[in-house]
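Novice: target.cif is reproduced below (mmCIF, C-alpha atoms, pLDDT in the B column; chains and numbers go by the auth columns).
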data_upload
#
loop_
_atom_site.group_PDB
_atom_site.id
_atom_site.type_symbol
_atom_site.label_atom_id
_atom_site.label_comp_id
_atom_site.label_asym_id
_atom_site.label_seq_id
_atom_site.Cartn_x
_atom_site.Cartn_y
_atom_site.Cartn_z
_atom_site.B_iso_or_equiv
_atom_site.auth_seq_id
_atom_site.auth_asym_id
ATOM 1 C CA PRO A 1 31.110 86.118 -22.828 45.00 1 N
ATOM 2 C CA HIS A 2 33.586 88.979 -22.887 48.00 2 N
ATOM 3 C CA GLU A 3 37.065 87.989 -23.917 52.00 3 N
ATOM 4 C CA GLN A 4 39.658 88.583 -21.209 55.00 4 N
ATOM 5 C CA PRO A 5 43.023 89.836 -22.424 62.00 5 N
ATOM 6 C CA GLY A 6 46.292 87.845 -22.334 83.00 6 N
ATOM 7 C CA LEU A 7 47.646 86.470 -19.093 87.00 7 N
ATOM 8 C CA PRO A 8 44.796 87.789 -16.911 82.00 8 N
ATOM 9 C CA GLY A 9 42.362 86.104 -19.295 82.00 9 N
ATOM 10 C CA ALA A 10 44.296 82.869 -19.027 87.00 10 N
ATOM 11 C CA PHE A 11 43.888 83.082 -15.243 84.00 11 N
ATOM 12 C CA ILE A 12 40.108 83.492 -15.601 80.00 12 N
ATOM 13 C CA GLN A 13 40.090 80.449 -17.886 85.00 13 N
ATOM 14 C CA TYR A 14 42.159 78.544 -15.329 87.00 14 N
ATOM 15 C CA LEU A 15 39.599 79.331 -12.607 83.00 15 N
ATOM 16 C CA ALA A 16 36.769 78.275 -14.927 83.00 16 N
ATOM 17 C CA GLY A 17 38.544 74.994 -15.606 90.00 17 N
ATOM 18 C CA ASN A 18 39.159 74.368 -11.910 90.00 18 N
ATOM 19 C CA PRO A 19 35.811 74.946 -10.190 90.00 19 N
ATOM 20 C CA SER A 20 37.163 73.391 -6.985 93.00 20 N
ATOM 21 C CA ILE A 21 39.118 76.628 -6.387 90.00 21 N
ATOM 22 C CA LEU A 22 36.004 78.786 -6.308 88.00 22 N
ATOM 23 C CA GLN A 23 34.201 76.141 -4.272 92.00 23 N
ATOM 24 C CA GLU A 24 37.040 76.182 -1.738 93.00 24 N
ATOM 25 C CA ILE A 25 36.660 79.966 -1.470 91.00 25 N
ATOM 26 C CA ARG A 26 32.875 79.668 -1.026 91.00 26 N
ATOM 27 C CA ASP A 27 33.356 76.960 1.622 95.00 27 N
ATOM 28 C CA PHE A 28 35.908 79.164 3.358 95.00 28 N
ATOM 29 C CA GLN A 29 33.524 82.118 3.375 94.00 29 N
ATOM 30 C CA GLU A 30 30.687 80.027 4.763 95.00 30 N
ATOM 31 C CA ALA A 31 32.931 78.741 7.564 95.00 31 N
ATOM 32 C CA HIS A 32 34.552 82.092 8.457 95.00 32 N
ATOM 33 C CA ARG A 33 32.073 84.862 7.703 94.00 33 N
ATOM 34 C CA HIS A 34 30.511 84.735 11.168 94.00 34 N
ATOM 35 C CA ARG A 35 33.785 86.130 12.554 94.00 35 N
ATOM 36 C CA PHE A 36 33.188 89.368 10.631 94.00 36 N
ATOM 37 C CA MET A 37 29.425 89.761 10.256 90.00 37 N
ATOM 38 C CA GLN A 38 28.821 91.397 13.650 82.00 38 N
ATOM 39 C CA SER A 39 32.003 93.487 13.738 79.00 39 N
ATOM 40 C CA GLN A 40 32.263 97.185 12.949 74.00 40 N
ATOM 41 C CA SER A 41 34.921 98.662 10.669 70.00 41 N
ATOM 42 C CA ASP A 42 36.178 100.972 13.406 71.00 42 N
ATOM 43 C CA THR A 43 36.653 98.271 16.061 75.00 43 N
ATOM 44 C CA GLU A 44 39.819 96.360 16.810 84.00 44 N
ATOM 45 C CA HIS A 45 40.130 93.110 14.895 87.00 45 N
ATOM 46 C CA THR A 46 40.355 89.774 16.684 91.00 46 N
ATOM 47 C CA LEU A 47 43.065 87.154 16.381 94.00 47 N
ATOM 48 C CA GLU A 48 40.460 84.842 14.825 95.00 48 N
ATOM 49 C CA GLN A 49 39.751 87.421 12.123 94.00 49 N
ATOM 50 C CA TYR A 50 43.454 87.772 11.320 94.00 50 N
ATOM 51 C CA ALA A 51 43.779 83.970 11.241 96.00 51 N
ATOM 52 C CA SER A 52 40.883 83.819 8.765 96.00 52 N
ATOM 53 C CA HIS A 53 42.613 86.367 6.546 94.00 53 N
ATOM 54 C CA GLN A 54 45.856 84.382 6.625 94.00 54 N
ATOM 55 C CA GLU A 55 43.998 81.214 5.671 95.00 55 N
ATOM 56 C CA PHE A 56 42.246 82.987 2.793 92.00 56 N
ATOM 57 C CA THR A 57 45.537 84.452 1.581 90.00 57 N
ATOM 58 C CA GLY A 58 46.956 80.916 1.587 91.00 58 N
ATOM 59 C CA ILE A 59 44.103 79.672 -0.597 91.00 59 N
ATOM 60 C CA VAL A 60 44.631 82.493 -3.105 87.00 60 N
ATOM 61 C CA GLU A 61 48.423 82.098 -3.149 88.00 61 N
ATOM 62 C CA ARG A 62 48.193 78.314 -3.628 91.00 62 N
ATOM 63 C CA SER A 63 45.787 78.751 -6.531 89.00 63 N
ATOM 64 C CA LEU A 64 47.779 81.550 -8.138 89.00 64 N
ATOM 65 C CA ASN A 65 51.075 79.668 -7.781 92.00 65 N
ATOM 66 C CA ALA A 66 49.583 76.561 -9.399 93.00 66 N
ATOM 67 C CA PHE A 67 48.367 78.703 -12.308 93.00 67 N
ATOM 68 C CA LEU A 68 51.725 80.465 -12.687 94.00 68 N
ATOM 69 C CA ALA A 69 53.541 77.119 -12.735 96.00 69 N
ATOM 70 C CA GLN A 70 51.133 75.741 -15.339 94.00 70 N
ATOM 71 C CA VAL A 71 51.585 78.681 -17.731 94.00 71 N
ATOM 72 C CA GLY A 72 55.286 79.143 -16.963 95.00 72 N
ATOM 73 C CA VAL A 73 55.355 82.766 -15.832 93.00 73 N
ATOM 74 C CA THR A 74 56.524 84.494 -12.677 93.00 74 N
ATOM 75 C CA GLU A 75 54.472 86.377 -10.134 89.00 75 N
ATOM 76 C CA ASP A 76 56.182 89.583 -11.332 90.00 76 N
ATOM 77 C CA GLU A 77 55.136 88.913 -14.935 91.00 77 N
ATOM 78 C CA PHE A 78 51.549 88.352 -13.807 88.00 78 N
ATOM 79 C CA ALA A 79 51.629 91.552 -11.719 84.00 79 N
ATOM 80 C CA GLU A 80 52.978 93.465 -14.734 86.00 80 N
ATOM 81 C CA ALA A 81 50.147 92.139 -16.923 85.00 81 N
ATOM 82 C CA LEU A 82 47.617 93.315 -14.333 81.00 82 N
ATOM 83 C CA LEU A 83 49.331 96.700 -14.102 81.00 83 N
ATOM 84 C CA GLN A 84 49.038 97.090 -17.874 80.00 84 N
ATOM 85 C CA LEU A 85 45.289 96.423 -17.603 77.00 85 N
ATOM 86 C CA LYS A 86 45.021 99.133 -14.956 78.00 86 N
ATOM 87 C CA LEU A 87 47.192 101.699 -16.760 81.00 87 N
ATOM 88 C CA GLY A 88 45.370 101.080 -20.019 76.00 88 N
ATOM 89 C CA GLN A 89 42.043 101.516 -18.224 71.00 89 N
ATOM 90 C CA ASP A 90 40.963 98.160 -19.613 69.00 90 N
ATOM 91 C CA PRO A 91 37.363 97.362 -18.610 68.00 91 N
ATOM 92 C CA HIS A 92 38.553 93.963 -17.345 65.00 92 N
ATOM 93 C CA TRP A 93 40.684 95.665 -14.675 68.00 93 N
ATOM 94 C CA ARG A 94 37.699 95.984 -12.323 65.00 94 N
ATOM 95 C CA ALA A 95 37.419 92.203 -11.867 65.00 95 N
ATOM 96 C CA PHE A 96 41.106 91.889 -11.016 71.00 96 N
ATOM 97 C CA ASP A 97 40.989 94.954 -8.779 70.00 97 N
ATOM 98 C CA LEU A 98 38.240 93.230 -6.822 64.00 98 N
ATOM 99 C CA LEU A 99 40.407 90.103 -6.488 67.00 99 N
ATOM 100 C CA LEU A 100 43.456 92.106 -5.398 66.00 100 N
ATOM 101 C CA GLY A 101 41.379 94.102 -2.910 62.00 101 N
ATOM 102 C CA LYS A 102 40.397 90.857 -1.202 68.00 102 N
ATOM 103 C CA ILE A 103 44.005 90.136 -0.324 77.00 103 N
ATOM 104 C CA ASP A 104 44.380 93.392 1.636 85.00 104 N
ATOM 105 C CA TYR A 105 43.154 92.746 5.182 89.00 105 N
ATOM 106 C CA GLU A 106 40.869 95.775 5.424 88.00 106 N
ATOM 107 C CA GLY A 107 39.264 95.092 2.042 86.00 107 N
ATOM 108 C CA PHE A 108 38.848 91.415 2.886 89.00 108 N
ATOM 109 C CA ALA A 109 37.295 92.192 6.282 91.00 109 N
ATOM 110 C CA ASP A 110 34.946 94.752 4.734 90.00 110 N
ATOM 111 C CA LEU A 111 33.690 92.258 2.141 90.00 111 N
ATOM 112 C CA LEU A 112 32.979 89.626 4.795 92.00 112 N
ATOM 113 C CA ARG A 113 31.422 92.215 7.117 93.00 113 N
ATOM 114 C CA ARG A 114 29.057 93.289 4.319 92.00 114 N
ATOM 115 C CA ASN A 115 28.420 89.640 3.318 93.00 115 N
ATOM 116 C CA ILE A 116 29.836 90.135 -0.193 91.00 116 N
ATOM 117 C CA CYS A 117 30.792 86.950 -2.047 89.00 117 N
ATOM 118 C CA LEU A 118 34.555 86.555 -2.346 87.00 118 N
ATOM 119 C CA CYS A 119 34.108 84.803 -5.707 82.00 119 N
ATOM 120 C CA CYS A 120 31.705 87.005 -7.647 78.00 120 N
ATOM 121 C CA GLY A 121 31.261 90.238 -5.697 80.00 121 N
ATOM 122 C CA GLY A 122 27.508 89.712 -5.319 86.00 122 N
ATOM 123 C CA GLN A 123 25.594 89.038 -2.111 92.00 123 N
ATOM 124 C CA PHE A 124 26.921 85.871 -0.453 93.00 124 N
ATOM 125 C CA VAL A 125 24.252 83.175 -0.089 90.00 125 N
ATOM 126 C CA PRO A 126 25.214 80.374 2.307 86.00 126 N
ATOM 127 C CA LEU A 127 24.781 76.873 0.921 76.00 127 N
ATOM 128 C CA SER A 128 22.433 76.019 3.786 68.00 128 N
ATOM 129 C CA THR A 129 19.916 78.672 2.615 66.00 129 N
ATOM 130 C CA ARG A 130 20.081 77.955 -1.123 57.00 130 N
ATOM 131 C CA PRO A 131 17.272 76.018 -2.794 58.00 131 N
ATOM 132 C CA THR A 132 18.175 72.372 -3.376 54.00 132 N
ATOM 133 C CA ALA A 133 18.328 72.717 -7.165 49.00 133 N
ATOM 134 C CA ALA A 134 20.821 75.565 -6.821 47.00 134 N
ATOM 135 C CA SER A 135 23.053 73.885 -4.267 46.00 135 N
ATOM 136 C CA SER A 136 25.896 73.803 -6.771 50.00 136 N
ATOM 137 C CA PRO A 137 27.167 77.187 -7.899 51.00 137 N
ATOM 138 C CA PRO A 138 26.926 77.782 -11.637 50.00 138 N
ATOM 139 C CA PRO A 139 30.200 77.134 -13.454 49.00 139 N
ATOM 140 C CA LEU A 140 32.153 80.062 -14.852 49.00 140 N
ATOM 141 C CA ALA A 141 32.067 80.451 -18.600 43.00 141 N
ATOM 142 C CA PRO A 142 35.528 79.674 -19.970 43.00 142 N
ATOM 143 C CA ALA A 143 37.331 82.721 -21.321 42.00 143 N
ATOM 144 C CA ASP A 144 38.152 82.772 -25.008 40.00 144 N
ATOM 145 C CA VAL A 145 41.868 82.788 -24.216 39.00 145 N
ATOM 146 C CA PRO A 146 44.291 79.922 -24.695 41.00 146 N
ATOM 147 C CA LEU A 147 45.608 78.564 -21.390 44.00 147 N
ATOM 148 C CA GLU A 148 49.058 78.220 -22.904 46.00 148 N
ATOM 149 C CA PHE A 149 50.243 81.797 -22.512 44.00 149 N
ATOM 150 C CA ASP A 150 53.360 82.962 -24.320 47.00 150 N
ATOM 151 C CA PRO A 151 54.838 85.810 -22.217 47.00 151 N
ATOM 152 C CA SER A 152 57.107 87.009 -25.046 45.00 152 N
#
If you took the structure in this file and wrote it as structure tokens, what would it be?

Specialist:
Amino acid sequence: PHEQPGLPGAFIQYLAGNPSILQEIRDFQEAHRHRFMQSQSDTEHTLEQYASHQEFTGIVERSLNAFLAQVGVTEDEFAEALLQLKLGQDPHWRAFDLLLGKIDYEGFADLLRRNICLCCGGQFVPLSTRPTAASSPPPLAPADVPLEFDPS
């Protein structure tokens, strides 16, 4: 596995160590994707679609806040670490850019409309259509980054 740098890498490790977060996102997508699948990008969005986005944002914020509390850093410090990845053109930036794009309503709606998995960026496969042996998503490989992050 590729080593993720610093604080962003610690977040990837946190997600790997808490598979219930990604499962909650998959469950959310399975329950809400129908609201977007038949819509067009140029049509007006429904109240149900906006409600779905708010619920998703809540899931992400809850998970991120729990991580930030565990490692003892602020949201601003995390944002700065991500900005440094972007400015340094770090190859790991793409994964975080995908995550951040999901928070924006239009990006979120587009992913659900195109049936793109909110966890991995691949094609979303509903649990009901997966083979029995694959009913559990594969766990993420832990990043080679210590979870105790020293922001100094």

Novice: Find, counting all atoms listed in the file, the residue in N:Leu127, N:Ala66, N:Leu87, N:Ile116 that gets nearest to Ala31 of chain N.

Specialist: N:Leu127

Novice: Take the PyMOL selection byres ((chain N and resi 103) around 12), run it mentally on this structure, and tell me the resulting residues as an mmCIF file with C-alpha atoms, in the frame of the given file.

Specialist:
data_model
loop_
_atom_site.group_PDB
_atom_site.id
_atom_site.type_symbol
_atom_site.label_atom_id
_atom_site.label_comp_id
_atom_site.auth_asym_id
_atom_site.auth_seq_id
_atom_site.Cartn_x
_atom_site.Cartn_y
_atom_site.Cartn_z
ATOM 1 C CA TYR N 50 43.454 87.772 11.320
ATOM 2 C CA SER N 52 40.883 83.819 8.765
ATOM 3 C CA HIS N 53 42.613 86.367 6.546
ATOM 4 C CA GLN N 54 45.856 84.382 6.625
ATOM 5 C CA GLU N 55 43.998 81.214 5.671
ATOM 6 C CA PHE N 56 42.246 82.987 2.793
ATOM 7 C CA THR N 57 45.537 84.452 1.581
ATOM 8 C CA GLY N 58 46.956 80.916 1.587
ATOM 9 C CA ILE N 59 44.103 79.672 -0.597
ATOM 10 C CA VAL N 60 44.631 82.493 -3.105
ATOM 11 C CA GLU N 61 48.423 82.098 -3.149
ATOM 12 C CA PHE N 96 41.106 91.889 -11.016
ATOM 13 C CA ASP N 97 40.989 94.954 -8.779
ATOM 14 C CA LEU N 98 38.240 93.230 -6.822
ATOM 15 C CA LEU N 99 40.407 90.103 -6.488
ATOM 16 C CA LEU N 100 43.456 92.106 -5.398
ATOM 17 C CA GLY N 101 41.379 94.102 -2.910
ATOM 18 C CA LYS N 102 40.397 90.857 -1.202
ATOM 19 C CA ASP N 104 44.380 93.392 1.636
ATOM 20 C CA TYR N 105 43.154 92.746 5.182
ATOM 21 C CA GLU N 106 40.869 95.775 5.424
ATOM 22 C CA GLY N 107 39.264 95.092 2.042
ATOM 23 C CA PHE N 108 38.848 91.415 2.886
ATOM 24 C CA ALA N 109 37.295 92.192 6.282
ATOM 25 C CA ASP N 110 34.946 94.752 4.734
ATOM 26 C CA LEU N 111 33.690 92.258 2.141
ATOM 27 C CA LEU N 118 34.555 86.555 -2.346
#

Novice: Could you put an axis-aligned box around every listed atom of segment 5-15 of chain N, padded by 4 Å on each side, and send me its centre and edge lengths in Å to one decimal, as lines of an AutoDock Vina configuration file?

Specialist:
center_x = 43.6
center_y = 84.2
center_z = -17.5
size_x = 16.0
size_y = 19.3
size_z = 17.8

Novice: So which residues touch Ile21 of chain N within 10 Å, counting all atoms listed in the file, skipping near sequence neighbours fewer than 5 positions away, as a PyMOL selection string?

Specialist: chain N and resi 14-16+26-27+59-60+62-63+119

Novice: Could you list, as a ChimeraX atom specification, every residue within 9 Å of Met37 of chain N, counting all atoms listed in the file and ignoring same-chain residues fewer than 2 positions away?

Specialist: /N:33-35,39-40,112-115

Novice: What does the structure give for the distance between atom CA of Leu64 of chain N and atom CA of Thr46 of chain N, in Å to one decimal?

Specialist: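 Between atom CA of Leu64 of chain N and atom CA of Thr46 of chain N the gap works out to 27.2 Å.
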
Novice: Compare N:Pro126, N:Pro19, N:Gly121, N:Pro8 by their minimum atom-to-atom distance to Glu77 of chain N, counting all atoms listed in the file, and give me the closest one.

Specialist: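 Nearest to Glu77 of chain N: N:Pro8.
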